[in-house]
Structures are given as C-alpha cells and as structure tokens.
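One file, model.tsv, carrying TSV, C-alpha atoms and all ligand atoms:
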chain	number	residue	atom	x	y	z
I	508	MET	CA	7.90	-15.79	-0.12
I	509	ALA	CA	5.62	-14.43	-2.75
I	510	VAL	CA	5.47	-16.97	-5.51
I	511	TYR	CA	2.31	-18.84	-4.81
I	512	THR	CA	1.64	-20.10	-8.33
I	513	ASP	CA	4.33	-21.72	-10.46
I	514	ILE	CA	4.42	-21.12	-14.19
I	515	SER	CA	6.31	-23.06	-16.85
I	516	GLU	CA	8.49	-21.65	-19.59
I	517	VAL	CA	6.06	-23.08	-22.15
I	518	GLU	CA	3.07	-21.31	-20.55
I	519	LEU	CA	5.00	-18.07	-20.28
I	520	GLY	CA	6.27	-18.24	-23.85
I	521	ALA	CA	2.70	-18.75	-25.07
I	522	LEU	CA	1.48	-15.82	-22.98
I	523	LEU	CA	4.15	-13.47	-24.30
I	524	LYS	CA	3.04	-14.16	-27.87
I	525	GLU	CA	-0.06	-12.11	-26.97
I	526	TYR	CA	2.20	-9.05	-26.43
I	527	ASP	CA	4.64	-7.10	-28.54
I	528	VAL	CA	7.50	-7.36	-26.05
I	529	GLY	CA	10.12	-9.43	-27.87
I	530	GLU	CA	11.40	-12.92	-27.06
I	531	LEU	CA	11.63	-14.35	-23.54
I	532	LEU	CA	15.26	-14.56	-22.41
I	533	SER	CA	14.83	-15.43	-18.73
I	534	TYR	CA	12.38	-15.33	-15.84
I	535	LYS	CA	12.45	-15.90	-12.10
I	536	GLY	CA	10.07	-15.69	-9.18
I	537	ILE	CA	10.41	-12.73	-6.76
I	538	ALA	CA	10.53	-13.64	-3.09
I	539	GLU	CA	9.29	-10.28	-1.77
I	540	GLY	CA	5.68	-9.19	-1.53
I	541	THR	CA	2.66	-10.32	0.37
I	542	GLU	CA	-0.40	-11.20	-1.58
I	543	ASN	CA	0.31	-11.85	-5.26
I	544	SER	CA	2.84	-13.92	-7.23
I	545	ASN	CA	5.42	-11.81	-9.03
I	546	TYR	CA	7.94	-12.82	-11.71
I	547	LEU	CA	10.79	-10.79	-13.12
I	548	LEU	CA	11.07	-11.32	-16.88
I	549	HIS	CA	13.78	-10.32	-19.31
I	550	THR	CA	12.87	-10.23	-22.97
I	551	SER	CA	14.94	-9.21	-25.97
I	552	ARG	CA	13.42	-5.69	-25.50
I	553	ALA	CA	13.31	-4.92	-21.77
I	554	ALA	CA	12.62	-6.13	-18.23
I	555	PHE	CA	9.04	-6.60	-17.03
I	556	ILE	CA	7.12	-7.78	-14.00
I	557	LEU	CA	4.42	-10.39	-14.46
I	558	THR	CA	1.92	-10.35	-11.58
I	559	LEU	CA	-0.47	-13.23	-11.01
I	560	TYR	CA	-3.36	-12.10	-8.84
I	561	GLU	CA	-4.03	-14.53	-6.03
I	562	GLN	CA	-7.07	-14.88	-3.78
I	563	ARG	CA	-7.11	-11.43	-2.20
I	564	VAL	CA	-7.45	-9.27	-5.27
I	565	GLU	CA	-10.92	-9.21	-6.82
I	566	ARG	CA	-10.81	-9.70	-10.58
I	567	SER	CA	-13.51	-7.01	-10.93
I	568	ASP	CA	-11.14	-4.45	-9.30
I	569	LEU	CA	-8.32	-5.02	-11.82
I	570	PRO	CA	-9.55	-2.46	-14.38
I	571	PHE	CA	-9.48	0.18	-11.60
I	572	PHE	CA	-5.96	-0.69	-10.37
I	573	LEU	CA	-4.41	-1.11	-13.80
I	574	GLY	CA	-6.27	1.88	-15.26
I	575	LEU	CA	-5.03	3.99	-12.35
I	576	MET	CA	-1.40	2.96	-12.95
I	577	GLU	CA	-1.77	3.82	-16.61
I	578	HIS	CA	-3.32	7.20	-15.76
I	579	LEU	CA	-0.63	8.03	-13.19
I	580	ALA	CA	2.23	6.94	-15.46
I	581	GLN	CA	0.79	9.18	-18.18
I	582	HIS	CA	0.57	12.09	-15.72
I	583	GLY	CA	4.15	12.15	-14.53
I	584	VAL	CA	4.13	9.63	-11.67
I	585	ASN	CA	6.94	7.05	-11.68
I	586	CYS	CA	4.87	3.91	-11.40
I	587	PRO	CA	4.64	0.73	-13.46
I	588	LEU	CA	2.87	1.04	-16.79
I	589	PRO	CA	0.63	-1.95	-17.59
I	590	VAL	CA	1.56	-3.34	-20.98
I	591	ARG	CA	-1.33	-3.75	-23.39
I	592	ARG	CA	-1.78	-7.03	-25.21
I	593	ASN	CA	-1.98	-7.11	-28.99
I	594	ASP	CA	-5.79	-7.23	-28.63
I	595	GLY	CA	-5.74	-4.05	-26.51
I	596	ALA	CA	-6.59	-5.74	-23.19
I	597	VAL	CA	-4.41	-5.44	-20.08
I	598	VAL	CA	-5.60	-8.48	-18.13
I	599	SER	CA	-4.39	-11.92	-19.23
I	600	GLU	CA	-4.76	-15.36	-17.74
I	601	ILE	CA	-1.99	-17.84	-16.89
I	602	ALA	CA	-1.99	-20.95	-14.69
I	603	GLY	CA	-5.64	-20.30	-13.90
I	604	ARG	CA	-4.93	-16.84	-12.48
I	605	PRO	CA	-5.68	-13.38	-13.82
I	606	ALA	CA	-2.37	-11.72	-14.63
I	607	ALA	CA	-0.85	-8.48	-15.90
I	608	LEU	CA	2.48	-7.56	-17.42
I	609	ILE	CA	3.84	-4.26	-16.12
I	610	THR	CA	7.01	-2.31	-16.78
I	611	PHE	CA	10.00	-2.83	-14.48
I	612	LEU	CA	11.03	0.07	-12.23
I	613	GLU	CA	14.64	0.59	-11.21
I	614	GLY	CA	15.41	1.27	-7.57
I	615	MET	CA	15.31	-0.35	-4.15
I	616	TRP	CA	13.08	0.03	-1.16
I	617	LEU	CA	14.64	1.36	2.01
I	618	ARG	CA	14.94	-0.79	5.11
I	619	LYS	CA	15.90	2.25	7.21
I	620	PRO	CA	14.40	5.44	5.76
I	621	ALA	CA	15.97	8.68	7.01
I	622	PRO	CA	14.21	12.08	7.35
I	623	GLN	CA	15.17	13.14	3.80
I	624	HIS	CA	13.46	9.99	2.44
I	625	CYS	CA	10.34	10.80	4.47
I	626	ARG	CA	10.32	14.28	2.93
I	627	GLU	CA	10.64	12.70	-0.52
I	628	VAL	CA	7.83	10.24	0.07
I	629	GLY	CA	5.58	13.05	1.30
I	630	ARG	CA	6.31	14.97	-1.86
I	631	ALA	CA	5.77	11.92	-4.07
I	632	MET	CA	2.46	11.09	-2.38
I	633	ALA	CA	1.13	14.61	-2.82
I	634	GLY	CA	2.20	14.49	-6.48
I	635	MET	CA	0.32	11.24	-6.87
I	636	HIS	CA	-2.81	12.71	-5.24
I	637	LEU	CA	-2.74	15.62	-7.67
I	638	ALA	CA	-1.98	13.42	-10.70
I	639	ALA	CA	-4.91	11.13	-9.88
I	640	ARG	CA	-7.38	14.01	-10.25
I	641	GLY	CA	-9.10	13.42	-13.55
I	642	PHE	CA	-9.02	9.62	-13.19
I	643	GLU	CA	-12.71	8.90	-13.50
I	644	PRO	CA	-13.28	5.30	-12.35
I	645	THR	CA	-13.93	4.99	-8.63
I	646	ARG	CA	-13.47	2.29	-6.04
I	647	ALA	CA	-14.74	2.49	-2.47
I	648	ASN	CA	-12.24	1.73	0.30
I	649	ALA	CA	-13.03	-1.83	1.40
I	650	LEU	CA	-11.08	-1.32	4.65
I	651	THR	CA	-12.41	1.90	6.10
I	652	VAL	CA	-14.08	2.75	9.41
I	653	GLY	CA	-17.31	0.77	8.79
I	654	ASP	CA	-15.36	-2.35	7.79
I	655	TRP	CA	-13.24	-2.57	10.92
I	656	ARG	CA	-15.97	-3.83	13.27
I	657	PRO	CA	-16.79	-6.97	11.15
I	658	LEU	CA	-13.07	-7.75	10.85
I	659	TRP	CA	-12.62	-7.26	14.58
I	660	GLU	CA	-15.57	-9.56	15.41
I	661	LYS	CA	-13.74	-12.37	13.59
I	662	ALA	CA	-10.46	-11.80	15.44
I	663	LYS	CA	-11.85	-10.76	18.85
I	664	PRO	CA	-12.43	-14.19	20.46
I	665	ARG	CA	-8.66	-14.86	20.32
I	666	ALA	CA	-7.29	-11.32	20.48
I	667	ASN	CA	-6.10	-11.64	24.08
I	668	GLU	CA	-3.84	-14.52	22.99
I	669	VAL	CA	-1.73	-11.89	21.24
I	670	GLU	CA	-1.81	-9.31	24.04
I	671	GLU	CA	-3.58	-9.23	27.39
I	672	GLU	CA	-6.41	-6.68	27.50
I	673	LEU	CA	-6.26	-6.17	23.72
I	674	GLU	CA	-9.97	-6.84	23.45
I	675	ALA	CA	-10.88	-3.96	25.74
I	676	GLU	CA	-8.38	-1.60	24.10
I	677	VAL	CA	-9.72	-2.22	20.61
I	678	GLU	CA	-13.35	-1.93	21.66
I	679	ALA	CA	-12.61	1.58	22.93
I	680	ASP	CA	-10.81	2.51	19.68
I	681	LEU	CA	-13.67	1.27	17.53
I	682	ALA	CA	-16.20	3.28	19.50
I	683	ASP	CA	-14.15	6.51	19.40
I	684	LEU	CA	-13.34	6.17	15.71
I	685	ALA	CA	-16.89	5.34	14.64
I	686	GLN	CA	-18.12	8.39	16.53
I	687	GLY	CA	-15.46	10.88	15.45
I	688	TRP	CA	-14.48	9.79	11.92
I	689	PRO	CA	-14.46	12.88	9.68
I	690	ALA	CA	-16.77	12.96	6.69
I	691	ASP	CA	-16.10	16.29	5.03
I	692	LEU	CA	-12.37	16.39	4.26
I	693	PRO	CA	-10.95	16.57	0.71
I	694	THR	CA	-11.17	13.22	-1.07
I	695	GLY	CA	-9.52	11.65	-4.10
I	696	VAL	CA	-7.70	8.51	-5.13
I	697	ILE	CA	-5.34	7.27	-2.42
I	698	HIS	CA	-2.71	4.53	-2.52
I	699	ALA	CA	-3.82	3.23	0.90
I	700	ASP	CA	-0.71	1.04	1.46
I	701	LEU	CA	2.24	3.39	0.89
I	702	PHE	CA	4.68	1.50	3.10
I	703	PRO	CA	8.47	1.62	2.54
I	704	ASP	CA	8.36	-1.67	0.60
I	705	ASN	CA	6.13	-0.01	-1.98
I	706	VAL	CA	8.39	2.98	-2.69
I	707	PHE	CA	11.64	2.60	-4.63
I	708	PHE	CA	14.60	4.96	-4.31
I	709	LEU	CA	17.63	5.61	-6.44
I	710	GLY	CA	20.04	7.45	-4.16
I	711	ASP	CA	17.90	9.85	-2.13
I	712	ARG	CA	15.24	10.28	-4.83
I	713	VAL	CA	11.98	8.37	-5.21
I	714	SER	CA	12.30	6.35	-8.41
I	715	GLY	CA	8.96	4.61	-8.29
I	716	ILE	CA	5.76	3.73	-6.45
I	717	ILE	CA	4.36	0.21	-6.78
I	718	ASP	CA	1.57	-2.04	-5.50
I	719	PHE	CA	-1.65	-0.15	-6.15
I	720	TYR	CA	-3.82	-3.08	-5.11
I	721	PHE	CA	-5.45	-1.29	-2.16
I	722	ALA	CA	-5.93	2.00	-4.05
I	723	CYS	CA	-9.38	3.52	-3.66
I	724	ASN	CA	-11.28	6.79	-3.26
I	725	ASP	CA	-11.07	8.11	0.27
I	726	LEU	CA	-9.85	11.04	2.38
I	727	LEU	CA	-6.50	12.26	1.05
I	728	ALA	CA	-5.27	12.94	4.57
I	729	TYR	CA	-5.90	9.30	5.46
I	730	ASP	CA	-3.09	8.35	3.05
I	731	ILE	CA	-0.80	10.73	4.95
I	732	ALA	CA	-1.82	9.13	8.23
I	733	THR	CA	-0.89	5.71	6.84
I	734	CYS	CA	2.51	7.03	5.79
I	735	LEU	CA	3.16	8.57	9.20
I	736	ASN	CA	2.54	5.13	10.71
I	737	ALA	CA	4.62	3.26	8.17
I	738	TRP	CA	7.60	5.63	7.82
I	739	CYS	CA	8.00	7.64	11.02
I	740	PHE	CA	8.14	5.12	13.87
I	741	GLU	CA	11.35	3.51	15.07
I	742	LYS	CA	11.84	-0.19	15.79
I	743	ASP	CA	11.43	0.49	19.53
I	744	GLY	CA	7.92	1.89	18.87
I	745	SER	CA	8.82	5.56	19.39
I	746	TYR	CA	7.60	8.26	16.99
I	747	ASN	CA	10.40	10.12	15.20
I	748	LEU	CA	9.27	13.75	15.14
I	749	THR	CA	12.02	14.75	12.69
I	750	LYS	CA	10.79	12.17	10.18
I	751	GLY	CA	7.14	13.15	10.71
I	752	THR	CA	7.93	16.84	10.25
I	753	ALA	CA	9.89	16.09	7.07
I	754	LEU	CA	7.12	13.92	5.62
I	755	LEU	CA	4.45	16.52	6.33
I	756	GLU	CA	6.61	19.37	4.99
I	757	GLY	CA	7.36	17.36	1.86
I	758	TYR	CA	3.67	16.72	1.31
I	759	GLN	CA	2.71	20.34	1.92
I	760	SER	CA	5.36	21.61	-0.47
I	761	VAL	CA	3.20	20.11	-3.23
I	762	ARG	CA	-0.32	20.10	-1.76
I	763	PRO	CA	-0.89	22.28	1.32
I	764	LEU	CA	-3.28	20.75	3.85
I	765	ASP	CA	-6.30	22.71	5.04
I	766	ALA	CA	-6.93	23.34	8.73
I	767	ALA	CA	-9.60	20.63	9.01
I	768	GLU	CA	-7.22	18.01	7.58
I	769	ILE	CA	-4.50	18.97	10.04
I	770	LYS	CA	-6.92	18.89	12.95
I	771	ALA	CA	-8.11	15.42	11.93
I	772	LEU	CA	-4.61	13.89	11.68
I	773	PRO	CA	-4.49	12.33	15.17
I	774	LEU	CA	-7.79	10.53	14.63
I	775	LEU	CA	-6.86	9.48	11.08
I	776	ALA	CA	-3.50	8.14	12.27
I	777	ARG	CA	-5.24	6.19	15.00
I	778	GLY	CA	-7.76	4.83	12.49
I	779	SER	CA	-5.07	3.83	10.03
I	780	ALA	CA	-3.09	2.11	12.79
I	781	LEU	CA	-6.22	0.19	13.78
I	782	ARG	CA	-6.84	-0.83	10.15
I	783	PHE	CA	-3.36	-2.36	9.77
I	784	MET	CA	-3.43	-3.85	13.25
I	785	LEU	CA	-6.73	-5.59	12.42
I	786	THR	CA	-5.67	-7.11	9.10
I	787	ARG	CA	-2.41	-8.25	10.66
I	788	LEU	CA	-4.19	-9.66	13.71
I	789	TYR	CA	-6.70	-11.51	11.54
I	790	ASP	CA	-3.91	-13.07	9.47
I	791	TRP	CA	-1.84	-13.82	12.58
I	792	LEU	CA	-4.72	-15.77	14.12
I	793	THR	CA	-6.22	-17.44	11.08
I	794	VAL	CA	-3.59	-18.03	8.41
I	795	SER	CA	-1.66	-21.25	8.83
I	796	ASP	CA	2.11	-21.19	8.40
I	797	GLY	CA	3.08	-21.88	4.81
I	798	ALA	CA	-0.25	-20.58	3.49
I	799	LEU	CA	-0.70	-17.99	0.78
I	800	VAL	CA	-0.03	-14.83	2.80
I	801	ASN	CA	3.07	-13.41	4.45
I	802	LYS	CA	2.09	-12.64	8.05
I	803	ARG	CA	3.19	-9.42	9.77
I	804	ASP	CA	3.33	-8.64	13.47
I	805	PRO	CA	0.12	-7.02	14.79
I	806	MET	CA	1.89	-5.83	17.96
I	807	GLU	CA	3.86	-3.27	15.97
I	808	TYR	CA	0.54	-1.56	15.28
I	809	VAL	CA	-0.87	-2.10	18.77
I	810	ARG	CA	2.06	0.05	19.95
I	811	ARG	CA	1.29	2.72	17.35
I	812	LEU	CA	-2.34	2.76	18.51
I	813	ARG	CA	-1.21	3.39	22.07
I	814	PHE	CA	0.87	6.31	20.87
I	815	HIS	CA	-1.99	7.89	18.90
I	816	ARG	CA	-4.47	7.54	21.78
I	817	GLN	CA	-2.46	9.92	23.95
I	818	ILE	CA	-1.90	12.64	21.32
I	819	SER	CA	-3.47	15.97	22.19
I	820	SER	CA	-2.39	18.09	19.20
I	821	PRO	CA	-1.27	17.59	15.57
I	822	SER	CA	1.93	19.43	16.51
I	823	GLU	CA	3.03	16.18	18.14
I	824	TYR	CA	3.26	14.74	14.62
I	825	GLY	CA	5.28	17.71	13.37
I	826	ILE	CA	2.66	20.07	11.96
I	827	GLY	CA	1.11	23.22	13.40
I	828	LEU	CA	-2.58	24.09	13.26
I	829	LYS	CA	-3.34	26.93	10.84
C	901	LIG	N1	7.13	-2.62	-11.46
C	901	LIG	C1	8.06	-3.22	-10.68
C	901	LIG	N2	9.36	-2.98	-10.91
C	901	LIG	C2	10.32	-3.61	-10.17
C	901	LIG	N3	10.04	-4.50	-9.20
C	901	LIG	C3	8.76	-4.75	-8.91
C	901	LIG	C4	7.68	-4.12	-9.62
C	901	LIG	N4	6.52	-4.59	-9.13
C	901	LIG	C5	6.83	-5.46	-8.17
C	901	LIG	N5	8.17	-5.57	-8.02
C	901	LIG	C6	8.90	-6.47	-7.10
C	901	LIG	O1	7.99	-7.41	-6.58
C	901	LIG	C7	7.88	-7.30	-5.15
C	901	LIG	C8	6.44	-7.54	-4.72
C	901	LIG	O2	5.57	-6.62	-5.36
C	901	LIG	P1	4.23	-6.12	-4.67
C	901	LIG	O3	3.41	-5.42	-5.69
C	901	LIG	O4	4.55	-5.35	-3.41
C	901	LIG	O5	3.54	-7.50	-4.28
C	901	LIG	P2	2.34	-7.78	-3.27
C	901	LIG	O6	1.13	-7.10	-3.86
C	901	LIG	O7	2.25	-9.26	-3.26
C	901	LIG	O8	2.75	-7.20	-1.94
C	901	LIG	C9	8.40	-5.92	-4.85
C	901	LIG	O9	8.95	-5.81	-3.56
C	901	LIG	C10	9.49	-5.74	-5.91
C	901	LIG	O10	10.67	-6.41	-5.53
C	902	LIG	N1	1.48	-3.10	4.23
C	902	LIG	C1	0.62	-4.03	4.90
C	902	LIG	C2	0.54	-5.38	4.26
C	902	LIG	C3	0.37	-5.34	2.75
C	902	LIG	O1	1.63	-5.67	2.20
C	902	LIG	P1	2.16	-5.25	0.75
C	902	LIG	O2	3.37	-6.12	0.54
C	902	LIG	O3	1.04	-5.54	-0.20
C	902	LIG	O4	2.52	-3.79	0.82
C	902	LIG	C4	1.07	-4.22	6.37
C	902	LIG	O5	2.23	-3.88	6.64
C	902	LIG	O6	0.29	-4.73	7.18

Translate this file's structure into structure tokens.
Amino acid sequence: MAVYTDISEVELGALLKEYDVGELLSYKGIAEGTENSNYLLHTSRAAFILTLYEQRVERSDLPFFLGLMEHLAQHGVNCPLPVRRNDGAVVSEIAGRPAALITFLEGMWLRKPAPQHCREVGRAMAGMHLAARGFEPTRANALTVGDWRPLWEKAKPRANEVEEELEAEVEADLADLAQGWPADLPTGVIHADLFPDNVFFLGDRVSGIIDFYFACNDLLAYDIATCLNAWCFEKDGSYNLTKGTALLEGYQSVRPLDAAEIKALPLLARGSALRFMLTRLYDWLTVSDGALVNKRDPMEYVRRLRFHRQISSPSEYGIGLK
C-alpha cells in the first residue's frame, strides 16, 4: 500500500483553498506506489493527484523534481504538471508532510509490456532526454557507482541469508564497476527509475511518464540501461532480445547513440542492475513488514546481474557497434 499518512476532509478542504482548482468533490488514497502517499482528488474543475512526500524524499530536492516536471510538461513531454498555489509556490504542507498537487494523467501501466511498448518507451525516454536540455537546475545522482559500496556494507553481513555466495558475487561486481565505470559519455537529466509502473499507456501509445523522484544529472545511456533491466527481462529471468532491440531502436529513432555509449551498455546495465539489487536487498533485510516502504525482491536483480556478467558484446542486447 502507499498511503502512509492519512488526511482528513477538513485538512484537504483547507489546503485546496490555497489553489485555484475549484471545490473538492471526492478524494481517495491510491494503493500503488512505493515511497510516498498519493491521493486521487476530484474537484469541480478536474482530477488531480496530491502527493505527500514521506521519509525518503529530501525536502531540499523538491524544487528540482517539481521544476523538472514543469519544464518537461512545457516542452512536450506527457508528464504531470505541478499546480501552482495562489501565492505562486508549488510545495505545500499537510499533515506535517511536504506535499504537491499535480495534474492527473490518463492511462494505465502495463503488467506485461510487449516489444511495441518497449519501442514506445525507448522513444519516449529519448524525447524526455532531449526535452530536459535547457533545464538549468542540477541534482547529482545519489545512487551512482560511488554510493553502492556504502549501501553494500550495510547489507553485506546478512546478504548470504538471501542467496548463498551473494557476498562474493557482489564484491566482484563492485570492484569491476568501480574500475571500469565510464566518465566521458554524454550526460543530461535522467529519470533514473523508468520502470513499467512509471509509464502510462493508452492503447499502444505512451500517455504519460510519472514519478520523477529519483531524477538527476547522469549519463544518458545509464537511463537506457535501467530500462533494459526493467522492461526486457521475462519472469523466468531470461533476456528478451526482441524487446531489447525494439527499445534501443525506439530510443535511437529520436536520439542516436554514439559508439562509446553503445560499447558501455553492458557495464552500465550491470551497474544499474547492481543499484536496484542493492536498494532492494537493503530494504529486504532492514525494513520490517508493515513499515513505510513496499519491499521488492532482490533476487530478480541478482539474476539480471548474472546475465550481464557473461555478456561479451552489446549486440547481445540488440544493438550493433558502430
Ligand atoms: N499524475 C498522475 N496521474 C495519474 N495517476 C498518478 C499520477 N501520479 C501518481 N499516480 C498514481 O499513483 C501511483 C503511485 O505514484 P508514484 O509516483 O509511482 O509513487 P511512489 O513515488 O510512491 O512510487 C501510480 O502508480 C499511479 O497509480
Ligand atoms: N523501481 C524500484 C523501486 C522504486 O519504486 P517506484 O514505485 O518509486 O517506481 C525497484 O523496482 O526496485
């Protein structure tokens, strides 16, 4: 569930007086999501999402995330537009939490994406990368190569409870990635969590991208690597080359990759798999059931790591070297 903080009708009514959005007709908590509390609101004007930021989003990062959404929405990306208050601010406070009202996007996320959806998401991601050029604020990635070791040290003592020999496996990954991580690839603003649950579709078309709360400045190709992991593996852990090819073709139809980016893909995919494995492992081992985070299975990403370790060429992901 993802309603961690309850709000009353009285509190919400008072909050909405700070906005020019009409009268509150109804509201309900949304069960989906991981980190924040989300409410769906209907007013006499439209539908909105009210997000209450819980422990894992730094208040100081909100101007970056909300400013980015505003910039992208104004540059042709289908993403929520933060609604400004009557005093011009975008961040409010309710029930002791920072909060923002954002526009509601139509569409549904896909439980079983097919190759044509992977192509679409590749295209949408490249469009987002291009649209974010010109967004001036910056935010460093708080979960990149140098941050993995400290996270691992916290999870390591109990890692073998999840999988025998995991400790040794991850130590080898960390060493390889620290040594080989590319520094000179094209950078820009990336979404950094573009999983299927963050992309809405209407029919076969992307209707919206949500959840920009990991967005940051980093290697553009790292975002692609994250998508390959999140969209192109099957439930049994196998890589679907047709989906990977479609995703990479879709991306390149909007923003062609340069040779160095293509060459780096296997390492970036391995790094991205390690990043999600580590956050999942940490939560798996430390977060008690019923606490304020939805836990996800780290083993799904241990299996992806094993796949990436044995890759010898980017063509195995569905893209040829230039
Ligand atoms: N702008 C939006 N339009 C429609 N639904 C949304 C919007 N933002 C969030 N949601 C709904 O809320 C859920 C959780 O949102 P999300 O941002 O992914 O939360 P979290 O950051 O906690 O993972 C989504 O799966 C979706 O159902
Ligand atoms: N996508 C991450 C967890 C973050 O979840 P989200 O609901 O904020 O997208 C993972 O799968 O580990």

Name each residue within 7 Å of ligand LIG 901 (chain C), counting all atoms listed in the file, as a PyMOL selection string.
chain I and resi 509+537+539-545+556+586-587+609-613+704-705+717-718+720

Test item: residues lying within 10 Å of ligand LIG 902 (chain C) with only C-alpha atoms and all ligand atoms, as a ChimeraX atom specification:
/I:509,539-543,699-706,717-721,733,736-737,780,782-788,790,800-805,807-808

With a distance cut-off of 12 Å and only C-alpha atoms, select the neighbouring residues of Asp568 (chain I), excluding the residue or stretch itself and same-chain residues fewer than 6 positions from it, and output the selection as a compact mmCIF listing (two decimals) with C-alpha atoms, in the coordinates of the input.
# COMPACT_ATOMS: atom_id res chain seq x y z
CA TYR I 560 -3.36 -12.10 -8.84
CA GLY I 574 -6.27 1.88 -15.26
CA LEU I 575 -5.03 3.99 -12.35
CA VAL I 598 -5.60 -8.48 -18.13
CA PRO I 605 -5.68 -13.38 -13.82
CA PRO I 644 -13.28 5.30 -12.35
CA THR I 645 -13.93 4.99 -8.63
CA ARG I 646 -13.47 2.29 -6.04
CA ALA I 647 -14.74 2.49 -2.47
CA ASN I 648 -12.24 1.73 0.30
CA ALA I 649 -13.03 -1.83 1.40
CA PHE I 719 -1.65 -0.15 -6.15
CA TYR I 720 -3.82 -3.08 -5.11
CA PHE I 721 -5.45 -1.29 -2.16
CA ALA I 722 -5.93 2.00 -4.05
CA CYS I 723 -9.38 3.52 -3.66

For the atom pair CA of Leu692 (chain I) and CA of Leu775 (chain I), what is the interatomic distance in Å to one decimal place?
11.2 Å

Measure the distance from CA of Asp725 (chain I) to CA of Thr694 (chain I) in Å and round it to one decimal.
5.3 Å

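The gap separating CA of Arg712 (chain I) from CA of Pro622 (chain I) is 12.4 Å, in Å to one decimal.
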
Taking (-3.3, 24.9, 14.1) in the coordinates of the supplied file, I want to know which residues reach to within 12 Å of it, counting all atoms listed in the file; could you give the answer as a list of chain:residue names?
I:Leu764, I:Asp765, I:Ala766, I:Ala767, I:Glu768, I:Ile769, I:Lys770, I:Ala771, I:Leu772, I:Ser820, I:Pro821, I:Ser822, I:Glu823, I:Gly825, I:Ile826, I:Gly827, I:Leu828, I:Lys829

Residues proximal to (0.2, 1.4, 18.9) were defined as those with any atom within 12 Å of that point in the file's coordinates, counting all atoms listed in the file. Which are they, as number ranges by chain?
I: 673, 676-677, 680, 736-737, 740-741, 743-746, 776-785, 804-818

Please produce a file of those selected residues containing C-alpha atoms, as a short mmCIF file (atom, residue, chain, number, x, y, z; two decimals), in the coordinates of the input.
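Once written, selection_17.cif looks like this:
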data_model
loop_
_atom_site.label_atom_id
_atom_site.label_comp_id
_atom_site.auth_asym_id
_atom_site.auth_seq_id
_atom_site.Cartn_x
_atom_site.Cartn_y
_atom_site.Cartn_z
CA LEU I 673 -6.26 -6.17 23.72
CA GLU I 676 -8.38 -1.60 24.10
CA VAL I 677 -9.72 -2.22 20.61
CA ASP I 680 -10.81 2.51 19.68
CA ASN I 736 2.54 5.13 10.71
CA ALA I 737 4.62 3.26 8.17
CA PHE I 740 8.14 5.12 13.87
CA GLU I 741 11.35 3.51 15.07
CA ASP I 743 11.43 0.49 19.53
CA GLY I 744 7.92 1.89 18.87
CA SER I 745 8.82 5.56 19.39
CA TYR I 746 7.60 8.26 16.99
CA ALA I 776 -3.50 8.14 12.27
CA ARG I 777 -5.24 6.19 15.00
CA GLY I 778 -7.76 4.83 12.49
CA SER I 779 -5.07 3.83 10.03
CA ALA I 780 -3.09 2.11 12.79
CA LEU I 781 -6.22 0.19 13.78
CA ARG I 782 -6.84 -0.83 10.15
CA PHE I 783 -3.36 -2.36 9.77
CA MET I 784 -3.43 -3.85 13.25
CA LEU I 785 -6.73 -5.59 12.42
CA ASP I 804 3.33 -8.64 13.47
CA PRO I 805 0.12 -7.02 14.79
CA MET I 806 1.89 -5.83 17.96
CA GLU I 807 3.86 -3.27 15.97
CA TYR I 808 0.54 -1.56 15.28
CA VAL I 809 -0.87 -2.10 18.77
CA ARG I 810 2.06 0.05 19.95
CA ARG I 811 1.29 2.72 17.35
CA LEU I 812 -2.34 2.76 18.51
CA ARG I 813 -1.21 3.39 22.07
CA PHE I 814 0.87 6.31 20.87
CA HIS I 815 -1.99 7.89 18.90
CA ARG I 816 -4.47 7.54 21.78
CA GLN I 817 -2.46 9.92 23.95
CA ILE I 818 -1.90 12.64 21.32
#

From the set I:Ser551, I:Thr512, I:Gln623, I:Ser599, which residue has the shortest atom-to-atom contact distance to Leu754 (chain I), counting all atoms listed in the file?
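Of I:Ser551, I:Thr512, I:Gln623, I:Ser599, the one nearest Leu754 (chain I), counting all atoms listed in the file, is I:Gln623.
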
Leu548 (chain I): which residues within 6 Å, counting all atoms listed in the file, same-chain residues fewer than 4 positions away excluded, as number ranges by chain?
I: 533-534, 554-555

Of the candidates I:Gly641, I:Gly629, I:Gly583, I:Pro689, which one gets nearest to Leu755 (chain I) if we count only C-alpha atoms?
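Between I:Gly641, I:Gly629, I:Gly583, I:Pro689, the residue approaching Leu755 (chain I) most closely is I:Gly629.
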
Among listed residues I:Ala675, I:Val713, I:Val597, I:Val590, nearest Leu569 (chain I) (using only C-alpha atoms):
I:Val597

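Of the listed residues I:Asn593, I:Thr752, I:Phe572, I:Val584, the one whose atoms come nearest to Leu522 (chain I) is I:Asn593, with distances taken using all atoms listed in the file.
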
Choose the residue, out of I:Leu727, I:Gly595, I:Leu617, I:Ala602, that has the smallest atom-to-atom separation from Ala639 (chain I); count all atoms listed in the file.
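With all atoms listed in the file as the atom set, the closest residue is I:Leu727.
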
Repaired coordinates for region 718-729 of chain I (N, CA and C atoms) as a JSON list (two decimals), in the coordinates of the input:
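The file below, selection_26.json, is the result:
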[["chain", "number", "residue", "atom", "x", "y", "z"],
["I", 718, "ASP", "N", 2.57, -1.33, -6.30],
["I", 718, "ASP", "CA", 1.57, -2.04, -5.50],
["I", 718, "ASP", "C", 0.32, -1.19, -5.22],
["I", 719, "PHE", "N", -0.44, -0.97, -6.25],
["I", 719, "PHE", "CA", -1.65, -0.15, -6.15],
["I", 719, "PHE", "C", -2.89, -0.97, -5.83],
["I", 720, "TYR", "N", -2.70, -2.14, -5.23],
["I", 720, "TYR", "CA", -3.82, -3.08, -5.11],
["I", 720, "TYR", "C", -4.71, -2.85, -3.88],
["I", 721, "PHE", "N", -4.47, -1.75, -3.16],
["I", 721, "PHE", "CA", -5.45, -1.29, -2.16],
["I", 721, "PHE", "C", -5.98, 0.09, -2.55],
["I", 722, "ALA", "N", -5.55, 0.63, -3.69],
["I", 722, "ALA", "CA", -5.93, 2.00, -4.05],
["I", 722, "ALA", "C", -7.45, 2.14, -4.10],
["I", 723, "CYS", "N", -7.93, 3.31, -3.76],
["I", 723, "CYS", "CA", -9.38, 3.52, -3.66],
["I", 723, "CYS", "C", -9.64, 5.02, -3.53],
["I", 724, "ASN", "N", -10.91, 5.39, -3.51],
["I", 724, "ASN", "CA", -11.28, 6.79, -3.26],
["I", 724, "ASN", "C", -11.55, 6.95, -1.78],
["I", 725, "ASP", "N", -10.88, 7.90, -1.18],
["I", 725, "ASP", "CA", -11.07, 8.11, 0.27],
["I", 725, "ASP", "C", -10.48, 9.48, 0.62],
["I", 726, "LEU", "N", -10.41, 9.77, 1.91],
["I", 726, "LEU", "CA", -9.85, 11.04, 2.38],
["I", 726, "LEU", "C", -8.36, 11.08, 2.05],
["I", 727, "LEU", "N", -7.92, 12.17, 1.41],
["I", 727, "LEU", "CA", -6.50, 12.26, 1.05],
["I", 727, "LEU", "C", -5.62, 12.23, 2.30],
["I", 728, "ALA", "N", -6.08, 12.88, 3.35],
["I", 728, "ALA", "CA", -5.27, 12.94, 4.57],
["I", 728, "ALA", "C", -5.12, 11.57, 5.24],
["I", 729, "TYR", "N", -6.02, 10.66, 4.91],
["I", 729, "TYR", "CA", -5.90, 9.30, 5.46],
["I", 729, "TYR", "C", -4.65, 8.60, 4.91]]
